[in-house]
Amino acid sequence: MKDCRDFEALIDRAQTGEASEQEQEALLDHLESCPDCNRFFEAVGTLRNSGLDAEPDADDLLSMRRAVLREIRKGRGKRRSFSLISLLTHPVAAAACAVLLLVFGFLLGRGASKIGRDTREPQTTAATDRFTSAIQKVAQSHTAYEDIVNSPFTYTNVRVTQGQTGMVNLSFDVSRHLDLSLRKEDPLVTEVLVQSLIEPSGVNTRLNAISIADNVPDPKIKKSLIFAMLGDENLAVRMTAQSKLIEHRGDPEITEALLAVLEKEPSVRMRLVAIDYLASSKIQPERLERAVRAGKPENSDAVFLKVSQYLQSLN
Amino acid sequence: MDKPDEVLIQETLDSRMGSFDVLMCRYERLVYKVAYSFGLNRENALDITQTVFLKAFHNLKTFRTDASFKTWLLRITYNEGINWTRSTRNRPELHDDLESASATLSNEAGQESGLLLRERRRMIRRGLESLNDRYRTALLLRYVHEMPIREIAGVLQCSENLTKNILFRGVRSLKRALAQAG
């Protein structure tokens with residue numbers, strides 16, 4: 001004779017679809033005569049249908065990942081003081097806050113003026129233009145790479161393609177969807193390109209962003225390309241970023257990044273390209289040798305051979 | 001082919017942040033589910049999930065590559081969940097999502113049956129809140145998220161047999177709480 005404890009085990013299996021038909025029948029018989037187990041069976045059923053198993057929203061998770069990566073990047077860079085006073089006295093942050101307040105006020109005004117009207121009214125071109133102009137101003141105020149990293153705006157669902165001469169077509173979401181065609185040198189283009197490379201985005205978006213980011217001397221673009229070359233999980237993206245960076249010879253920041261490639265990059269091809277660049281930049285042989293020795297030992301024969309050929313050529 | 005966890009971990013340690021993003025994508029839903037059993041609403045669960053991944057990143061160097069990353073991550077989640085509920089200001093009091101789900105359902109399913117269902121759910125919410133962390137987590141992971149006993153054991157950091165025991169005790173505690181309420 002089974003007691004309630006046996007039926008508790010059976011309820012567990014029945015609720016997760018693991019009980020046989022015979023067991024289910026026995027359970028139903030017991031439930032009819034036992035209000036306690038019946039109450040629990042119903043409770044588990046209600047738990048299962050409570051809506052608590054709702055899958056998390058994909059956008060929520062994407063925002064969460066972005067926030068984590070942002071936090072990590074902040075921790076890696078120079079720690080800044082984020083007191084309210086220092087934040088407000090920082091010229092870039094103050095400008096961004098001012099523009100944000102304007103945008104917020106504008107949106108609030110629009111929201112308020114909609115009360116009593118048909119909320120399905122299409123967004124006017126003028127409103128979109130004003131919004132675009134506001135985010136362009138914020139982008140313009142970002143003079144350093146770190147400003148973009150800490151930007152109040154994040155651009156998602158980015159698509160970026162080469163437009164007509166000197167133009168770039170951008171398509172992205174930032175509180176609303178925007179399709180824009182802007183000149184390559186527009187700060188908003190730089191902002192979106194940099195964010196595409198440092199925030200989670202599709203591989204194609206990242207590759208397109210690199211192909212369009214031809215203004216390597218711009219420190220913001222350069223840093224995001226270095227970030228992609230050293231940090232991207234996709235080899236094609238790392239290689240494309242590297243090929244874009246090596247076009248700019250003799251840059252100390254790129255030189256340091258390529259030494260890091262020698263130390264950390266598993267791809268032999270990327271390490272060989274790095275040696276070519278560093279050799280042509282007349283780097284100190286000891287530094288080159290040290291970086292190669294610190295690097296991945298796997299499949300390094302070609303790398304060692306190339307370095308030794310270069311070192312011999314110096315003697 | 002997807003890269004194994006240990007490769008992504010090594011790449012992350014080599015400063016390849018994209019690889020950590022892939023790891024987060026791989027486990028975010030699982031971590032969220034466990035976090036939900038502590039936070040009991042969407043915002044809290046997302047907050048806990050974010051903290052878990054930050055802690056995982058900062059402690060990645062201490063992770064032993066011969067161990068399972070998933071189990072390690074779930075342990076961090078469980079410990080973080082415990083810390084979260086221990087802080088008095090974060091103690092779950094209202095089951096927001098359950099409330100809103102009930103409200104929606106009451107509209108859909110007719111007023112009378114909707115009210116009954118809402119009342120029953122409120123009782124379950126109170127019952128769950130009265131349980132200790134281990135019982136509540138075990139019950140929610142098993143009956144709401146249908147997680148296998150083996151994985152729940154990983155979360156609770158105990159054997160499968162002890163997990164079954166915790167589950168049955170949790171069941172009995174919930175049953176008692178429901179009987180008292182009803």
# chains A, B, ... in the order shown; residues from 1 in each chain; ligands from 1

call {"tool": "interface_residues", "arguments": {"of": "chain A", "to": "chain B", "cutoff": "8 Å", "atoms": "only C-alpha atoms", "output": "ChimeraX atom specification"}}
result
/A:8-9,15-16,36,39-40,43-44,46-53,55-56,60-61,64-65,67-69,71-72,200,230-234,264

call {"tool": "residues_around", "arguments": {"residues": "Pro297 of chain A", "least_positions_apart": "4", "cutoff": "12 Å", "atoms": "only C-alpha atoms", "output": "count of residues only"}}
result
15

call {"tool": "atom_distance", "arguments": {"atom1": "atom CA of Val174 of chain A", "atom2": "atom CA of Tyr155 of chain A"}}
result
5.3 Å

call {"tool": "residues_around", "arguments": {"residues": "segment 239-245 of chain A", "least_positions_apart": "3", "cutoff": "6 Å", "atoms": "only C-alpha atoms", "output": "list in words"}}
result
Leu225, Met229, Ala236 and His248 of chain A

call {"tool": "residues_around", "arguments": {"residues": "Gln157 of chain B", "least_positions_apart": "3", "cutoff": "7 Å", "atoms": "only C-alpha atoms", "output": "MDAnalysis selection string"}}
result
chainID B and resid 75 153:154

call {"tool": "atom_distance", "arguments": {"atom1": "atom CA of Val7 of chain B", "atom2": "atom CA of Arg150 of chain B"}}
result
24.8 Å

call {"tool": "closest_residue", "arguments": {"among": "A:His142, A:Phe7, A:Val237, A:Asn157", "to": "Asp59 of chain A", "atoms": "only C-alpha atoms"}}
result
A:Asn157

call {"tool": "select_by_dssp", "arguments": {"residues": "segment 180-305 of chain A", "states": "alpha helix (DSSP H)", "output": "ChimeraX atom specification"}}
result
/A:187-198,203-212,219-231,235-245,252-264,268-280,285-294,301-305
